[in-house]
$ cat work-v5.pdb   # PDB, C-alpha atoms
ATOM      1  CA  MET A1297     223.801 116.688 181.248
ATOM      2  CA  PRO A1298     221.381 119.256 182.694
ATOM      3  CA  VAL A1299     217.838 120.022 181.622
ATOM      4  CA  ASP A1300     216.945 123.674 180.946
ATOM      5  CA  LEU A1301     214.180 124.888 183.245
ATOM      6  CA  GLU A1302     212.002 127.951 182.772
ATOM      7  CA  ILE A1303     209.249 128.985 185.156
ATOM      8  CA  VAL A1304     206.908 131.648 183.827
ATOM      9  CA  SER A1305     204.000 133.385 185.556
ATOM     10  CA  PRO A1306     201.406 135.544 183.793
ATOM     11  CA  GLU A1307     203.473 138.600 184.752
ATOM     12  CA  LYS A1308     207.052 137.581 183.950
ATOM     13  CA  LEU A1309     209.795 135.008 183.553
ATOM     14  CA  LEU A1310     210.552 133.916 187.118
ATOM     15  CA  LEU A1311     213.451 131.548 186.606
ATOM     16  CA  SER A1312     215.592 130.280 183.763
ATOM     17  CA  ARG A1313     218.500 127.960 184.493
ATOM     18  CA  PRO A1314     219.884 124.491 183.899
ATOM     19  CA  VAL A1315     219.287 121.875 186.614
ATOM     20  CA  ASP A1316     220.199 118.220 186.921
ATOM     21  CA  MET A1317     216.577 117.322 187.708
ATOM     22  CA  VAL A1318     213.303 119.079 188.432
ATOM     23  CA  VAL A1319     210.374 117.535 190.298
ATOM     24  CA  ILE A1320     207.011 119.070 189.429
ATOM     25  CA  PRO A1321     203.590 118.604 191.079
ATOM     26  CA  ALA A1322     201.758 117.071 188.128
ATOM     27  CA  ALA A1323     198.032 116.489 188.525
ATOM     28  CA  GLU A1324     198.695 112.723 188.456
ATOM     29  CA  GLY A1325     201.419 112.960 191.133
ATOM     30  CA  GLU A1326     204.999 114.095 191.616
ATOM     31  CA  MET A1327     206.979 113.861 188.374
ATOM     32  CA  GLY A1328     210.759 113.918 188.141
ATOM     33  CA  VAL A1329     212.229 115.208 184.888
ATOM     34  CA  LEU A1330     215.770 114.564 183.700
ATOM     35  CA  VAL A1331     217.375 115.362 180.350
ATOM     36  CA  ASN A1332     216.045 113.125 177.516
ATOM     37  CA  HIS A1333     212.625 112.788 179.147
ATOM     38  CA  SER A1334     209.749 111.837 176.849
ATOM     39  CA  PRO A1335     207.988 114.938 175.541
ATOM     40  CA  MET A1336     204.624 115.733 177.125
ATOM     41  CA  ILE A1337     202.366 118.452 178.425
ATOM     42  CA  VAL A1338     201.021 117.995 181.955
ATOM     43  CA  LEU A1339     198.527 119.794 184.135
ATOM     44  CA  LEU A1340     199.960 121.000 187.448
ATOM     45  CA  ARG A1341     198.210 120.963 190.799
ATOM     46  CA  GLY A1342     199.107 123.216 193.702
ATOM     47  CA  GLY A1343     202.439 122.042 195.095
ATOM     48  CA  THR A1344     206.173 122.507 195.268
ATOM     49  CA  ILE A1345     208.608 122.476 192.360
ATOM     50  CA  ARG A1346     212.009 121.187 193.531
ATOM     51  CA  LEU A1347     215.221 121.942 191.637
ATOM     52  CA  TYR A1348     218.116 119.512 192.027
ATOM     53  CA  GLU A1349     221.839 119.691 191.444
ATOM     54  CA  GLY A1350     223.126 116.170 191.970
ATOM     55  CA  ASN A1351     221.130 114.727 194.861
ATOM     56  CA  THR A1352     220.681 118.106 196.547
ATOM     57  CA  ILE A1353     217.613 120.332 196.407
ATOM     58  CA  VAL A1354     218.948 123.795 195.549
ATOM     59  CA  ASP A1355     215.677 125.716 195.271
ATOM     60  CA  GLN A1356     211.947 125.252 195.791
ATOM     61  CA  LEU A1357     208.990 127.212 194.433
ATOM     62  CA  PHE A1358     205.335 126.773 195.286
ATOM     63  CA  VAL A1359     202.885 126.925 192.381
ATOM     64  CA  THR A1360     199.114 127.156 192.679
ATOM     65  CA  GLY A1361     198.609 125.282 189.410
ATOM     66  CA  GLY A1362     199.284 125.644 185.710
ATOM     67  CA  PHE A1363     200.882 123.549 182.988
ATOM     68  CA  ALA A1364     204.317 122.165 182.206
ATOM     69  CA  GLU A1365     205.711 121.384 178.785
ATOM     70  CA  VAL A1366     208.451 118.765 178.869
ATOM     71  CA  THR A1367     210.814 118.120 175.968
ATOM     72  CA  GLN A1368     214.024 116.103 175.890
ATOM     73  CA  ALA A1369     216.113 119.193 176.714
ATOM     74  CA  ARG A1370     213.725 121.627 178.435
ATOM     75  CA  VAL A1371     210.953 121.977 181.001
ATOM     76  CA  THR A1372     208.765 125.061 180.720
ATOM     77  CA  VAL A1373     206.382 125.650 183.612
ATOM     78  CA  LEU A1374     203.493 128.035 182.979
ATOM     79  CA  ALA A1375     202.405 128.737 186.542
ATOM     80  CA  ASN A1376     199.217 130.497 187.580
ATOM     81  CA  GLU A1377     201.166 131.842 190.546
ATOM     82  CA  ALA A1378     204.650 130.967 191.848
ATOM     83  CA  THR A1379     206.252 131.857 195.186
ATOM     84  CA  PRO A1380     209.594 130.826 196.675
ATOM     85  CA  VAL A1381     208.800 128.326 199.460
ATOM     86  CA  ARG A1382     210.796 130.391 201.975
ATOM     87  CA  GLU A1383     208.286 133.253 201.473
ATOM     88  CA  LEU A1384     205.171 131.156 202.182
ATOM     89  CA  THR A1385     203.271 131.537 205.427
ATOM     90  CA  LYS A1386     200.925 129.094 207.055
ATOM     91  CA  ALA A1387     198.542 131.991 207.779
ATOM     92  CA  GLU A1388     198.256 132.833 204.054
ATOM     93  CA  GLY A1389     197.529 129.191 203.255
ATOM     94  CA  GLN A1390     194.880 129.018 205.990
ATOM     95  CA  SER A1391     193.280 132.223 204.718
ATOM     96  CA  ARG A1392     193.144 130.822 201.186
ATOM     97  CA  LEU A1393     191.695 127.551 202.455
ATOM     98  CA  ALA A1394     188.980 129.335 204.439
ATOM     99  CA  ALA A1395     188.039 131.376 201.354
ATOM    100  CA  ALA A1396     188.026 128.272 199.134
ATOM    101  CA  ASP A1397     185.929 126.333 201.669
ATOM    102  CA  ALA A1398     183.403 129.191 201.886
ATOM    103  CA  ALA A1399     183.183 129.462 198.106
ATOM    104  CA  TYR A1400     182.657 125.709 197.827
ATOM    105  CA  ALA A1401     179.928 125.740 200.487
ATOM    106  CA  ALA A1402     178.110 128.554 198.650
ATOM    107  CA  ALA A1403     178.496 127.046 195.162
ATOM    108  CA  ASP A1404     175.734 125.430 193.144
ATOM    109  CA  LYS A1405     176.310 121.717 193.746
ATOM    110  CA  ASN A1406     174.964 120.944 190.266
ATOM    111  CA  ASP A1407     177.681 123.011 188.545
ATOM    112  CA  ILE A1408     180.407 120.385 188.208
ATOM    113  CA  VAL A1409     182.846 122.727 186.428
ATOM    114  CA  VAL A1410     182.725 125.313 189.222
ATOM    115  CA  LEU A1411     182.941 122.639 191.911
ATOM    116  CA  ASP A1412     186.018 121.157 190.235
ATOM    117  CA  LEU A1413     187.752 124.563 190.133
ATOM    118  CA  LEU A1414     186.893 125.207 193.776
ATOM    119  CA  MET A1415     188.231 121.795 194.818
ATOM    120  CA  ASP A1416     191.489 122.666 193.006
ATOM    121  CA  ARG A1417     191.662 125.886 195.054
ATOM    122  CA  GLN A1418     191.109 123.900 198.259
ATOM    123  CA  GLN A1419     193.839 121.394 197.346
ATOM    124  CA  SER A1420     196.242 124.193 196.445
ATOM    125  CA  ALA A1421     195.628 125.969 199.767
ATOM    126  CA  ARG A1422     196.222 122.727 201.695
ATOM    127  CA  ALA A1423     199.446 122.175 199.761
ATOM    128  CA  MET A1424     200.531 125.746 200.588
ATOM    129  CA  ILE A1425     199.929 125.144 204.306
ATOM    130  CA  GLU A1426     201.964 121.929 204.114
ATOM    131  CA  ALA A1427     204.820 123.592 202.198
ATOM    132  CA  ALA A1428     204.927 126.539 204.625
ATOM    133  CA  ALA A1429     205.084 124.182 207.598
ATOM    134  CA  ALA A1430     207.936 122.127 206.150
TER     135      ALA A1430
END

$ encode --input "work-v5.pdb" --output "structure tokens"
Amino acid sequence: MPVDLEIVSPEKLLLSRPVDMVVIPAAEGEMGVLVNHSPMIVLLRGGTIRLYEGNTIVDQLFVTGGFAEVTQARVTVLANEATPVRELTKAEGQSRLAAADAAYAAADKNDIVVLDLLMDRQQSARAMIEAAAA
């Protein structure tokens, strides 16, 4: 039995289809979701969402972060930004990393909230570089 997957960005619904399994980049690590999964809401880090039919990856999207709501029958990803992996470039990832590194270097080191957000941007840019190179 498939699980219904929806990926939504702030602008629009990006994808809506049943899949046998979806692997999402949860903040705690990669998380595979099958039908009848325990319900939960998870924070996403920058990384690749992989859609499976059987044991085969049929599509991959890179997300810069967001949230995922998992129920027994559905996974809804609320992505800050989502891009098909085939459209990623290493140069874009390197540009984002340079900007994130510069922002971190200039940030007030006593502002933990800002530093945490900037470290998320750095991690997301590194993950984009890795996904583009794969």

$ residues_around --input "work-v5.pdb" --residues "Asp1316 (chain A)" --least-positions-apart "6" --cutoff "9 Å" --atoms "only C-alpha atoms" --output "compact mmCIF listing (two decimals) with C-alpha atoms, keeping the file's coordinate frame"
# COMPACT_ATOMS: atom_id res chain seq x y z
CA MET A 1297 223.80 116.69 181.25
CA PRO A 1298 221.38 119.26 182.69
CA VAL A 1299 217.84 120.02 181.62
CA ASP A 1300 216.94 123.67 180.95
CA VAL A 1329 212.23 115.21 184.89
CA LEU A 1330 215.77 114.56 183.70
CA VAL A 1331 217.38 115.36 180.35
CA LEU A 1347 215.22 121.94 191.64
CA TYR A 1348 218.12 119.51 192.03
CA GLU A 1349 221.84 119.69 191.44
CA GLY A 1350 223.13 116.17 191.97
CA ASN A 1351 221.13 114.73 194.86

$ resolve_selection --input "work-v5.pdb" --expression "the PyMOL selection byres ((chain A and resi 1365) around 12)" --output "list of chain:residue names"
A:Asp1300, A:Leu1301, A:Glu1302, A:Ile1303, A:Val1304, A:Ile1320, A:Ala1322, A:Val1329, A:His1333, A:Ser1334, A:Pro1335, A:Met1336, A:Ile1337, A:Val1338, A:Leu1339, A:Leu1340, A:Gly1362, A:Phe1363, A:Ala1364, A:Val1366, A:Thr1367, A:Gln1368, A:Ala1369, A:Arg1370, A:Val1371, A:Thr1372, A:Val1373, A:Leu1374, A:Ala1375

$ residues_around --input "work-v5.pdb" --residues "region 1413-1424 of chain A" --least-positions-apart "3" --cutoff "9 Å" --atoms "all atoms listed in the file" --output "JSON, numbers by chain"
{"A": [1341, 1342, 1343, 1344, 1358, 1359, 1360, 1361, 1381, 1384, 1385, 1386, 1388, 1389, 1390, 1391, 1392, 1393, 1394, 1395, 1396, 1397, 1399, 1400, 1403, 1408, 1409, 1410, 1427, 1428, 1429]}

$ atom_distance --input "work-v5.pdb" --atom1 "CA of Val1318 (chain A)" --atom2 "CA of Glu1426 (chain A)"
19.6 Å

$ residues_around --input "work-v5.pdb" --residues "Leu1357 (chain A)" --least-positions-apart "3" --cutoff "7 Å" --atoms "all atoms listed in the file" --output "list in words"
Thr1344, Ile1345, Arg1346, Ala1378, Thr1379, Pro1380 and Val1381 of chain A
